[in-house]
Amino acid sequence: MKTLRLGQSDLFVTPICLGTMTFGEQVDEATSYAILDRSLARGVNFIDTAEMYAVPPRAETFNATEKIIGNWLTKRPGARHKLVIATKVAGPSRGMPWIRGGSADLTPQDIVQACDGSLRRLQTDVIDLYQIHWPVRSVPAFGGIYYQPRDEHGASIHAQLEALGQLVRAGKVRAVGLSNETPYGVHEFVRLAEQHGLPRVVSVQNPYCLVNRSAENALDETLHRLQVSLLAYSPLAFGLLTGKYDAQGLTGADVSDQARLKKFESSRQQRWGRPLALTAAKRYSALARDHGLTPTQLALAFCYTQWRVASTIIGVTSVAQLDEDLDAWGSTLSAELLAAIDAIRWELRDPAQ
């Protein structure tokens with residue numbers, strides 16, 4: 001699998017990234033090791049995690065995923081130098097009092113301390129890509145669709161960049177990125193970095209899939225013109241685009257009790273559990289089958305072949321799922337099929353935005 005450059009950095013990553021937010025909740029440590037081993041053996045050099053993980057977030061599993069990855073690295077001498085490891089500092093608490101005591105801010109000191117914690121848990125000397133998980137500002141994220149102006153008293157973008165710059169100068173971080181960001185946010189981070197000689201963001205990690213193509217509404221132009229890479233998360237829409245919920249819905253008797261949208265009410269409460277999102281997913285599943293593809297193949301090939309996407313983040317709960325997702329690499333979508341995808345989007349828009 002080829003590698004590509006992230007933004008203007010010296011990081012070169014595979015176009016598929018292993019997302020690990022299931023480790024420590026849906027996936028135990030032994031299975032996590034098996035997934036990591038197979039991913040590395042199949043040529044994936046890019047791993048993404050976060051201090052907040054596992055997901056759904058709970059106090060009991062806070063930091064669990066980074067610890068599992070760190071333990072795996074210590075048991076696999078030589079693996080670290082083959083990998084680009086990305087993690088994230090959580091933004092303002094958003095109802096999670098176990099993160100910095102429920103603080104509504106993300107101060108420069110918070111960023112530095114969080115990075116030090118991630119380094120300890122990952123048992124590594126440097127984080128290749130350090131990302132802000134979500135903004136301090138008021139933004140429509142995690143299912144919100146409208147921007148709401150409000151008085152804002154949190155750390156400024158400039159202050160956050162200065163903290164990231166401190167980490168880069170100290171050799172703790174190689175490159176910096178964003179997540180769940182807007183075009184405005186990306187422009188400001190880049191503008192202030194260039195104005196003040198601070199690290200320039202190299203990537204933005206946002207949702208992108210058949211039922212959420214909101215990145216195509218101006219963010220894609222921003223990233224293209226500023227040479228910032230898109231890391232697409234939830235390409236299977238929390239499993240919605242695998243077809244497993246088509247017959248009986250999100251909680252049907254034929255759906256495994258371990259399926260994310262059945263097991264976790266909090267996941268259904270987000271955008272992925274909307275009735276119209278399920279309706280759209282069923283339409284895409286039928287379209288895939290009509291063209292000789294599985295729903296998973298269609299959904300992943302859509303992301304894998306988009307010029308907008310630098311790397312697609314896949315999250316799995318088994319080695320079999322990992323192999324299925326990796327085997328979808330190389331699938332092509334005809335012009336006719338792409339036109340049919342756009343026709344469904346024109347009708348149903350982005351129900352999981």
# chains A, B, ... in the order shown; residues from 1 in each chain; ligands from 1
$ residues_around --residues "A:Ala299" --least-positions-apart "5" --cutoff "8 Å" --atoms "only C-alpha atoms" --output "VMD selection string"
chain A and resid 209 to 210 235 to 236 241 to 242
$ closest_atom_pairs --of "stretch 186-250 of chain A" --to "stretch 314-334 of chain A" --cutoff "10 Å" --atoms "only C-alpha atoms" --output "tab-separated table"
residue	atom	partner	partner_atom	distance
A:Ala232	CA	A:Ile314	CA	8.8
A:Tyr233	CA	A:Ile314	CA	7.1
A:Ser234	CA	A:Ile314	CA	7.0
A:Pro235	CA	A:Ile314	CA	7.0
A:Leu236	CA	A:Ile314	CA	8.0
A:Phe238	CA	A:Gly315	CA	8.6
A:Gly239	CA	A:Gly315	CA	9.5
$ closest_atom_pairs --of "stretch 110-151 of chain A" --to "stretch 90-103 of chain A" --cutoff "8 Å" --atoms "only C-alpha atoms" --output "JSON lines"
{"residue": "A:Ile132", "atom": "CA", "partner": "A:Ala90", "partner_atom": "CA", "distance": 6.5}
{"residue": "A:His133", "atom": "CA", "partner": "A:Ala90", "partner_atom": "CA", "distance": 5.0}
{"residue": "A:Trp134", "atom": "CA", "partner": "A:Gly91", "partner_atom": "CA", "distance": 5.0}
{"residue": "A:Pro135", "atom": "CA", "partner": "A:Gly91", "partner_atom": "CA", "distance": 6.0}
{"residue": "A:Val136", "atom": "CA", "partner": "A:Pro92", "partner_atom": "CA", "distance": 6.0}
$ write_last_selection --atoms "N, CA and C atoms" --output "CSV table (one decimal), in the first residue's frame"
chain,number,residue,atom,x,y,z
A,132,ILE,N,-6.2,18.3,18.3
A,132,ILE,CA,-7.2,18.8,19.2
A,132,ILE,C,-8.5,18.1,18.8
A,133,HIS,N,-9.1,17.4,19.8
A,133,HIS,CA,-10.2,16.5,19.4
A,133,HIS,C,-11.5,17.2,19.0
A,134,TRP,N,-11.8,18.4,19.6
A,134,TRP,CA,-12.9,19.2,19.2
A,134,TRP,C,-12.6,20.6,19.7
A,135,PRO,N,-13.2,21.6,19.0
A,135,PRO,CA,-12.8,23.0,19.3
A,135,PRO,C,-13.3,23.5,20.7
A,136,VAL,N,-12.6,24.5,21.2
A,136,VAL,CA,-13.1,25.3,22.3
A,136,VAL,C,-14.3,26.1,22.0
$ residues_around --residues "stretch 304-312 of chain A" --least-positions-apart "4" --cutoff "7 Å" --atoms "only C-alpha atoms" --output "MDAnalysis selection string"
chainID A and resid 14:17 220 229:233 300 329
$ closest_residue --among "A:Tyr208, A:Ala159, A:Ala286, A:Arg38" --to "A:Pro108" --atoms "only C-alpha atoms"
A:Ala159
$ select_by_dssp --residues "stretch 108-164 of chain A" --states "strand (DSSP E or B)" --output "ChimeraX atom specification"
/A:127-132
$ closest_residue --among "A:Thr87, A:Asn212, A:Gln148, A:Gln109" --to "A:Val126" --atoms "only C-alpha atoms"
A:Thr87
$ closest_residue --among "A:Thr294, A:Thr182, A:Pro351, A:Cys115" --to "A:Asn217" --atoms "only C-alpha atoms"
A:Thr182
$ closest_residue --among "A:Val89, A:Cys303, A:Val202, A:Ala339" --to "A:Ser118" --atoms "only C-alpha atoms"
A:Val89
$ residues_around --residues "A:Val168" --least-positions-apart "4" --cutoff "12 Å" --atoms "only C-alpha atoms" --output "NGL selection string"
:A and (112 or 115 or 126-130 or 161-164 or 172-176 or 198-201)
$ write_last_selection --atoms "N, CA and C atoms" --output "JSON list (two decimals), in the first residue's frame"
[["chain", "number", "residue", "atom", "x", "y", "z"],
["A", 112, "VAL", "N", -0.49, 20.74, 27.30],
["A", 112, "VAL", "CA", 0.84, 20.20, 27.64],
["A", 112, "VAL", "C", 0.71, 19.01, 28.58],
["A", 115, "CYS", "N", -0.73, 15.95, 26.79],
["A", 115, "CYS", "CA", 0.27, 15.33, 25.92],
["A", 115, "CYS", "C", 1.23, 14.47, 26.75],
["A", 126, "VAL", "N", 7.69, 10.13, 21.55],
["A", 126, "VAL", "CA", 7.16, 11.18, 20.69],
["A", 126, "VAL", "C", 5.83, 10.74, 20.10],
["A", 127, "ILE", "N", 4.93, 11.70, 19.96],
["A", 127, "ILE", "CA", 3.65, 11.49, 19.27],
["A", 127, "ILE", "C", 3.81, 12.08, 17.87],
["A", 128, "ASP", "N", 3.55, 11.28, 16.86],
["A", 128, "ASP", "CA", 3.76, 11.74, 15.49],
["A", 128, "ASP", "C", 2.76, 12.83, 15.08],
["A", 129, "LEU", "N", 1.50, 12.63, 15.42],
["A", 129, "LEU", "CA", 0.46, 13.60, 15.07],
["A", 129, "LEU", "C", -0.39, 13.84, 16.31],
["A", 130, "TYR", "N", -0.36, 15.08, 16.82],
["A", 130, "TYR", "CA", -1.13, 15.42, 18.02],
["A", 130, "TYR", "C", -2.25, 16.36, 17.60],
["A", 161, "LEU", "N", -2.26, 27.19, 19.85],
["A", 161, "LEU", "CA", -1.13, 26.98, 18.94],
["A", 161, "LEU", "C", 0.21, 27.16, 19.66],
["A", 162, "GLU", "N", 0.28, 28.12, 20.55],
["A", 162, "GLU", "CA", 1.52, 28.32, 21.29],
["A", 162, "GLU", "C", 1.85, 27.09, 22.13],
["A", 163, "ALA", "N", 0.83, 26.47, 22.74],
["A", 163, "ALA", "CA", 1.06, 25.25, 23.52],
["A", 163, "ALA", "C", 1.53, 24.12, 22.62],
["A", 164, "LEU", "N", 0.91, 23.99, 21.44],
["A", 164, "LEU", "CA", 1.32, 22.95, 20.49],
["A", 164, "LEU", "C", 2.75, 23.21, 20.02],
["A", 172, "LYS", "N", 8.37, 16.48, 21.72],
["A", 172, "LYS", "CA", 7.35, 15.54, 22.16],
["A", 172, "LYS", "C", 6.33, 15.24, 21.07],
["A", 173, "VAL", "N", 6.22, 16.12, 20.09],
["A", 173, "VAL", "CA", 5.23, 16.02, 19.01],
["A", 173, "VAL", "C", 5.92, 16.37, 17.70],
["A", 174, "ARG", "N", 5.62, 15.62, 16.65],
["A", 174, "ARG", "CA", 6.22, 15.90, 15.34],
["A", 174, "ARG", "C", 5.34, 16.84, 14.50],
["A", 175, "ALA", "N", 4.04, 16.65, 14.54],
["A", 175, "ALA", "CA", 3.13, 17.47, 13.74],
["A", 175, "ALA", "C", 1.81, 17.60, 14.49],
["A", 176, "VAL", "N", 1.03, 18.62, 14.11],
["A", 176, "VAL", "CA", -0.22, 18.89, 14.82],
["A", 176, "VAL", "C", -1.39, 18.90, 13.85],
["A", 198, "LEU", "N", 4.34, 29.55, 14.22],
["A", 198, "LEU", "CA", 3.94, 28.42, 15.04],
["A", 198, "LEU", "C", 3.63, 27.22, 14.15],
["A", 199, "PRO", "N", 3.48, 26.02, 14.71],
["A", 199, "PRO", "CA", 3.25, 24.84, 13.87],
["A", 199, "PRO", "C", 1.98, 24.96, 13.04],
["A", 200, "ARG", "N", 2.10, 24.62, 11.78],
["A", 200, "ARG", "CA", 0.98, 24.68, 10.84],
["A", 200, "ARG", "C", 0.24, 23.34, 10.88],
["A", 201, "VAL", "N", -1.06, 23.36, 11.06],
["A", 201, "VAL", "CA", -1.80, 22.10, 11.13],
["A", 201, "VAL", "C", -1.65, 21.36, 9.80]]
$ atom_distance --atom1 "atom CA of A:Ser203" --atom2 "atom CA of A:Ile47"
14.2 Å
$ atom_distance --atom1 "atom CA of A:Asp254" --atom2 "atom CA of A:Arg268"
17.3 Å
$ closest_residue --among "A:Leu298, A:Ala352, A:Ala280, A:Leu250" --to "A:Ala237" --atoms "only C-alpha atoms"
A:Ala352
$ residues_around --residues "A:Tyr245" --least-positions-apart "4" --cutoff "12 Å" --atoms "only C-alpha atoms" --output "PyMOL selection string"
chain A and resi 237-241+249-257+259-262+272-273+275+277-282+285+295
$ select_by_dssp --residues "stretch 229-304 of chain A" --states "alpha helix (DSSP H)" --output "ChimeraX atom specification"
/A:260-263,265-269,275-290,295-304
$ atom_distance --atom1 "atom CA of A:Ala86" --atom2 "atom CA of A:Glu188"
22.0 Å
$ closest_residue --among "A:Asp28, A:Asn45, A:Ser214, A:Leu293" --to "A:Ile145" --atoms "only C-alpha atoms"
A:Ser214
$ residues_around --residues "A:His158" --least-positions-apart "6" --cutoff "8 Å" --atoms "only C-alpha atoms" --output "MDAnalysis selection string"
chainID A and resid 189 192:193
$ residues_around --residues "A:Arg121" --least-positions-apart "2" --cutoff "8 Å" --atoms "only C-alpha atoms" --output "ChimeraX atom specification"
/A:63,66-67,70,117-119,123
$ write_last_selection --atoms "N, CA and C atoms" --output "short mmCIF file (atom, residue, chain, number, x, y, z; two decimals), in the first residue's frame"
data_model
loop_
_atom_site.label_atom_id
_atom_site.label_comp_id
_atom_site.auth_asym_id
_atom_site.auth_seq_id
_atom_site.Cartn_x
_atom_site.Cartn_y
_atom_site.Cartn_z
N ASN A 63 -8.85 6.84 28.96
CA ASN A 63 -7.42 6.55 28.76
C ASN A 63 -7.13 5.08 28.44
N GLU A 66 -5.27 4.17 24.87
CA GLU A 66 -3.84 4.50 24.81
C GLU A 66 -3.01 3.51 25.63
N LYS A 67 -3.52 3.09 26.77
CA LYS A 67 -2.78 2.13 27.60
C LYS A 67 -2.61 0.80 26.88
N GLY A 70 0.01 1.23 24.20
CA GLY A 70 1.32 1.31 24.83
C GLY A 70 1.82 -0.05 25.27
N GLY A 117 0.60 12.99 29.49
CA GLY A 117 -0.13 11.80 29.89
C GLY A 117 -0.22 10.79 28.76
N SER A 118 -0.48 11.26 27.55
CA SER A 118 -0.55 10.35 26.40
C SER A 118 0.79 9.69 26.14
N LEU A 119 1.87 10.45 26.25
CA LEU A 119 3.20 9.87 26.06
C LEU A 119 3.47 8.75 27.06
N GLN A 123 3.68 4.85 26.04
CA GLN A 123 5.04 4.36 26.29
C GLN A 123 5.95 4.65 25.09
#
$ decode --residues "stretch 116-164 of chain A" --atoms "N, CA and C atoms" --output "PDB file, in the first residue's frame"
ATOM      1  N   ASP A 116       1.666  14.984  27.870  1.00  0.00           N
ATOM      2  CA  ASP A 116       2.567  14.209  28.735  1.00  0.00           C
ATOM      3  C   ASP A 116       1.889  12.913  29.186  1.00  0.00           C
ATOM      4  N   GLY A 117       0.599  12.987  29.492  1.00  0.00           N
ATOM      5  CA  GLY A 117      -0.130  11.796  29.889  1.00  0.00           C
ATOM      6  C   GLY A 117      -0.221  10.785  28.759  1.00  0.00           C
ATOM      7  N   SER A 118      -0.483  11.257  27.552  1.00  0.00           N
ATOM      8  CA  SER A 118      -0.553  10.355  26.403  1.00  0.00           C
ATOM      9  C   SER A 118       0.790   9.694  26.138  1.00  0.00           C
ATOM     10  N   LEU A 119       1.865  10.453  26.253  1.00  0.00           N
ATOM     11  CA  LEU A 119       3.202   9.873  26.058  1.00  0.00           C
ATOM     12  C   LEU A 119       3.469   8.745  27.056  1.00  0.00           C
ATOM     13  N   ARG A 120       3.063   8.958  28.300  1.00  0.00           N
ATOM     14  CA  ARG A 120       3.270   7.917  29.316  1.00  0.00           C
ATOM     15  C   ARG A 120       2.453   6.669  28.991  1.00  0.00           C
ATOM     16  N   ARG A 121       1.190   6.870  28.658  1.00  0.00           N
ATOM     17  CA  ARG A 121       0.317   5.719  28.405  1.00  0.00           C
ATOM     18  C   ARG A 121       0.728   4.968  27.138  1.00  0.00           C
ATOM     19  N   LEU A 122       1.124   5.702  26.113  1.00  0.00           N
ATOM     20  CA  LEU A 122       1.556   5.071  24.868  1.00  0.00           C
ATOM     21  C   LEU A 122       2.969   4.499  24.979  1.00  0.00           C
ATOM     22  N   GLN A 123       3.682   4.853  26.043  1.00  0.00           N
ATOM     23  CA  GLN A 123       5.038   4.356  26.286  1.00  0.00           C
ATOM     24  C   GLN A 123       5.948   4.646  25.090  1.00  0.00           C
ATOM     25  N   THR A 124       5.890   5.897  24.659  1.00  0.00           N
ATOM     26  CA  THR A 124       6.701   6.338  23.533  1.00  0.00           C
ATOM     27  C   THR A 124       7.320   7.690  23.852  1.00  0.00           C
ATOM     28  N   ASP A 125       8.364   8.044  23.148  1.00  0.00           N
ATOM     29  CA  ASP A 125       9.041   9.321  23.390  1.00  0.00           C
ATOM     30  C   ASP A 125       8.435  10.462  22.596  1.00  0.00           C
ATOM     31  N   VAL A 126       7.694  10.132  21.548  1.00  0.00           N
ATOM     32  CA  VAL A 126       7.160  11.184  20.690  1.00  0.00           C
ATOM     33  C   VAL A 126       5.833  10.742  20.098  1.00  0.00           C
ATOM     34  N   ILE A 127       4.926  11.702  19.963  1.00  0.00           N
ATOM     35  CA  ILE A 127       3.652  11.494  19.271  1.00  0.00           C
ATOM     36  C   ILE A 127       3.810  12.082  17.871  1.00  0.00           C
ATOM     37  N   ASP A 128       3.549  11.278  16.862  1.00  0.00           N
ATOM     38  CA  ASP A 128       3.765  11.743  15.489  1.00  0.00           C
ATOM     39  C   ASP A 128       2.764  12.825  15.082  1.00  0.00           C
ATOM     40  N   LEU A 129       1.498  12.632  15.421  1.00  0.00           N
ATOM     41  CA  LEU A 129       0.461  13.602  15.073  1.00  0.00           C
ATOM     42  C   LEU A 129      -0.388  13.842  16.308  1.00  0.00           C
ATOM     43  N   TYR A 130      -0.360  15.079  16.818  1.00  0.00           N
ATOM     44  CA  TYR A 130      -1.127  15.420  18.017  1.00  0.00           C
ATOM     45  C   TYR A 130      -2.253  16.360  17.603  1.00  0.00           C
ATOM     46  N   GLN A 131      -3.497  15.968  17.918  1.00  0.00           N
ATOM     47  CA  GLN A 131      -4.673  16.669  17.407  1.00  0.00           C
ATOM     48  C   GLN A 131      -5.551  17.196  18.542  1.00  0.00           C
ATOM     49  N   ILE A 132      -6.206  18.300  18.309  1.00  0.00           N
ATOM     50  CA  ILE A 132      -7.236  18.811  19.219  1.00  0.00           C
ATOM     51  C   ILE A 132      -8.545  18.135  18.835  1.00  0.00           C
ATOM     52  N   HIS A 133      -9.123  17.388  19.756  1.00  0.00           N
ATOM     53  CA  HIS A 133     -10.239  16.496  19.430  1.00  0.00           C
ATOM     54  C   HIS A 133     -11.487  17.248  18.982  1.00  0.00           C
ATOM     55  N   TRP A 134     -11.786  18.352  19.616  1.00  0.00           N
ATOM     56  CA  TRP A 134     -12.880  19.222  19.175  1.00  0.00           C
ATOM     57  C   TRP A 134     -12.599  20.629  19.674  1.00  0.00           C
ATOM     58  N   PRO A 135     -13.173  21.637  19.018  1.00  0.00           N
ATOM     59  CA  PRO A 135     -12.813  23.024  19.326  1.00  0.00           C
ATOM     60  C   PRO A 135     -13.301  23.509  20.683  1.00  0.00           C
ATOM     61  N   VAL A 136     -12.617  24.534  21.167  1.00  0.00           N
ATOM     62  CA  VAL A 136     -13.071  25.252  22.347  1.00  0.00           C
ATOM     63  C   VAL A 136     -14.255  26.140  21.993  1.00  0.00           C
ATOM     64  N   ARG A 137     -14.284  26.600  20.752  1.00  0.00           N
ATOM     65  CA  ARG A 137     -15.335  27.520  20.292  1.00  0.00           C
ATOM     66  C   ARG A 137     -16.680  26.806  20.183  1.00  0.00           C
ATOM     67  N   SER A 138     -17.716  27.597  20.034  1.00  0.00           N
ATOM     68  CA  SER A 138     -19.039  27.069  19.709  1.00  0.00           C
ATOM     69  C   SER A 138     -19.052  26.648  18.243  1.00  0.00           C
ATOM     70  N   VAL A 139     -19.204  25.355  17.987  1.00  0.00           N
ATOM     71  CA  VAL A 139     -19.265  24.844  16.618  1.00  0.00           C
ATOM     72  C   VAL A 139     -20.353  23.773  16.542  1.00  0.00           C
ATOM     73  N   PRO A 140     -20.956  23.587  15.375  1.00  0.00           N
ATOM     74  CA  PRO A 140     -21.920  22.495  15.209  1.00  0.00           C
ATOM     75  C   PRO A 140     -21.187  21.180  14.978  1.00  0.00           C
ATOM     76  N   ALA A 141     -21.035  20.380  16.021  1.00  0.00           N
ATOM     77  CA  ALA A 141     -20.294  19.115  15.927  1.00  0.00           C
ATOM     78  C   ALA A 141     -21.080  18.006  16.599  1.00  0.00           C
ATOM     79  N   PHE A 142     -20.718  16.764  16.296  1.00  0.00           N
ATOM     80  CA  PHE A 142     -21.326  15.575  16.910  1.00  0.00           C
ATOM     81  C   PHE A 142     -22.842  15.571  16.756  1.00  0.00           C
ATOM     82  N   GLY A 143     -23.293  15.883  15.558  1.00  0.00           N
ATOM     83  CA  GLY A 143     -24.722  15.853  15.275  1.00  0.00           C
ATOM     84  C   GLY A 143     -25.380  17.214  15.230  1.00  0.00           C
ATOM     85  N   GLY A 144     -24.709  18.257  15.722  1.00  0.00           N
ATOM     86  CA  GLY A 144     -25.264  19.598  15.602  1.00  0.00           C
ATOM     87  C   GLY A 144     -25.115  20.108  14.178  1.00  0.00           C
ATOM     88  N   ILE A 145     -26.086  20.847  13.688  1.00  0.00           N
ATOM     89  CA  ILE A 145     -25.999  21.335  12.311  1.00  0.00           C
ATOM     90  C   ILE A 145     -26.025  22.862  12.210  1.00  0.00           C
ATOM     91  N   TYR A 146     -26.281  23.545  13.319  1.00  0.00           N
ATOM     92  CA  TYR A 146     -26.358  25.011  13.270  1.00  0.00           C
ATOM     93  C   TYR A 146     -25.285  25.635  14.170  1.00  0.00           C
ATOM     94  N   TYR A 147     -24.630  26.646  13.657  1.00  0.00           N
ATOM     95  CA  TYR A 147     -23.712  27.444  14.476  1.00  0.00           C
ATOM     96  C   TYR A 147     -24.523  28.365  15.372  1.00  0.00           C
ATOM     97  N   GLN A 148     -24.185  28.416  16.651  1.00  0.00           N
ATOM     98  CA  GLN A 148     -24.865  29.271  17.617  1.00  0.00           C
ATOM     99  C   GLN A 148     -23.882  30.274  18.205  1.00  0.00           C
ATOM    100  N   PRO A 149     -24.015  31.561  17.880  1.00  0.00           N
ATOM    101  CA  PRO A 149     -23.122  32.557  18.486  1.00  0.00           C
ATOM    102  C   PRO A 149     -23.296  32.577  20.009  1.00  0.00           C
ATOM    103  N   ARG A 150     -22.193  32.757  20.718  1.00  0.00           N
ATOM    104  CA  ARG A 150     -22.269  32.852  22.173  1.00  0.00           C
ATOM    105  C   ARG A 150     -21.039  33.591  22.670  1.00  0.00           C
ATOM    106  N   ASP A 151     -21.137  34.105  23.892  1.00  0.00           N
ATOM    107  CA  ASP A 151     -19.958  34.707  24.509  1.00  0.00           C
ATOM    108  C   ASP A 151     -18.947  33.604  24.786  1.00  0.00           C
ATOM    109  N   GLU A 152     -17.715  33.825  24.349  1.00  0.00           N
ATOM    110  CA  GLU A 152     -16.698  32.794  24.496  1.00  0.00           C
ATOM    111  C   GLU A 152     -15.533  33.324  25.315  1.00  0.00           C
ATOM    112  N   HIS A 153     -15.152  32.542  26.323  1.00  0.00           N
ATOM    113  CA  HIS A 153     -14.100  32.985  27.243  1.00  0.00           C
ATOM    114  C   HIS A 153     -12.973  31.963  27.336  1.00  0.00           C
ATOM    115  N   GLY A 154     -12.988  30.944  26.501  1.00  0.00           N
ATOM    116  CA  GLY A 154     -11.956  29.913  26.558  1.00  0.00           C
ATOM    117  C   GLY A 154     -10.664  30.358  25.912  1.00  0.00           C
ATOM    118  N   ALA A 155      -9.690  29.465  25.945  1.00  0.00           N
ATOM    119  CA  ALA A 155      -8.387  29.750  25.350  1.00  0.00           C
ATOM    120  C   ALA A 155      -8.531  30.057  23.869  1.00  0.00           C
ATOM    121  N   SER A 156      -7.790  31.030  23.414  1.00  0.00           N
ATOM    122  CA  SER A 156      -7.850  31.428  22.012  1.00  0.00           C
ATOM    123  C   SER A 156      -7.113  30.415  21.137  1.00  0.00           C
ATOM    124  N   ILE A 157      -7.381  30.468  19.856  1.00  0.00           N
ATOM    125  CA  ILE A 157      -6.660  29.620  18.919  1.00  0.00           C
ATOM    126  C   ILE A 157      -5.163  29.905  19.004  1.00  0.00           C
ATOM    127  N   HIS A 158      -4.807  31.161  19.127  1.00  0.00           N
ATOM    128  CA  HIS A 158      -3.397  31.522  19.238  1.00  0.00           C
ATOM    129  C   HIS A 158      -2.765  30.852  20.456  1.00  0.00           C
ATOM    130  N   ALA A 159      -3.453  30.909  21.585  1.00  0.00           N
ATOM    131  CA  ALA A 159      -2.911  30.310  22.805  1.00  0.00           C
ATOM    132  C   ALA A 159      -2.763  28.794  22.663  1.00  0.00           C
ATOM    133  N   GLN A 160      -3.722  28.165  22.010  1.00  0.00           N
ATOM    134  CA  GLN A 160      -3.626  26.718  21.793  1.00  0.00           C
ATOM    135  C   GLN A 160      -2.440  26.390  20.879  1.00  0.00           C
ATOM    136  N   LEU A 161      -2.257  27.191  19.850  1.00  0.00           N
ATOM    137  CA  LEU A 161      -1.125  26.976  18.941  1.00  0.00           C
ATOM    138  C   LEU A 161       0.207  27.156  19.658  1.00  0.00           C
ATOM    139  N   GLU A 162       0.276  28.122  20.551  1.00  0.00           N
ATOM    140  CA  GLU A 162       1.524  28.321  21.292  1.00  0.00           C
ATOM    141  C   GLU A 162       1.854  27.088  22.134  1.00  0.00           C
ATOM    142  N   ALA A 163       0.831  26.471  22.737  1.00  0.00           N
ATOM    143  CA  ALA A 163       1.064  25.252  23.519  1.00  0.00           C
ATOM    144  C   ALA A 163       1.529  24.116  22.617  1.00  0.00           C
ATOM    145  N   LEU A 164       0.906  23.986  21.441  1.00  0.00           N
ATOM    146  CA  LEU A 164       1.320  22.952  20.489  1.00  0.00           C
ATOM    147  C   LEU A 164       2.754  23.208  20.019  1.00  0.00           C
TER     148      LEU A 164
END
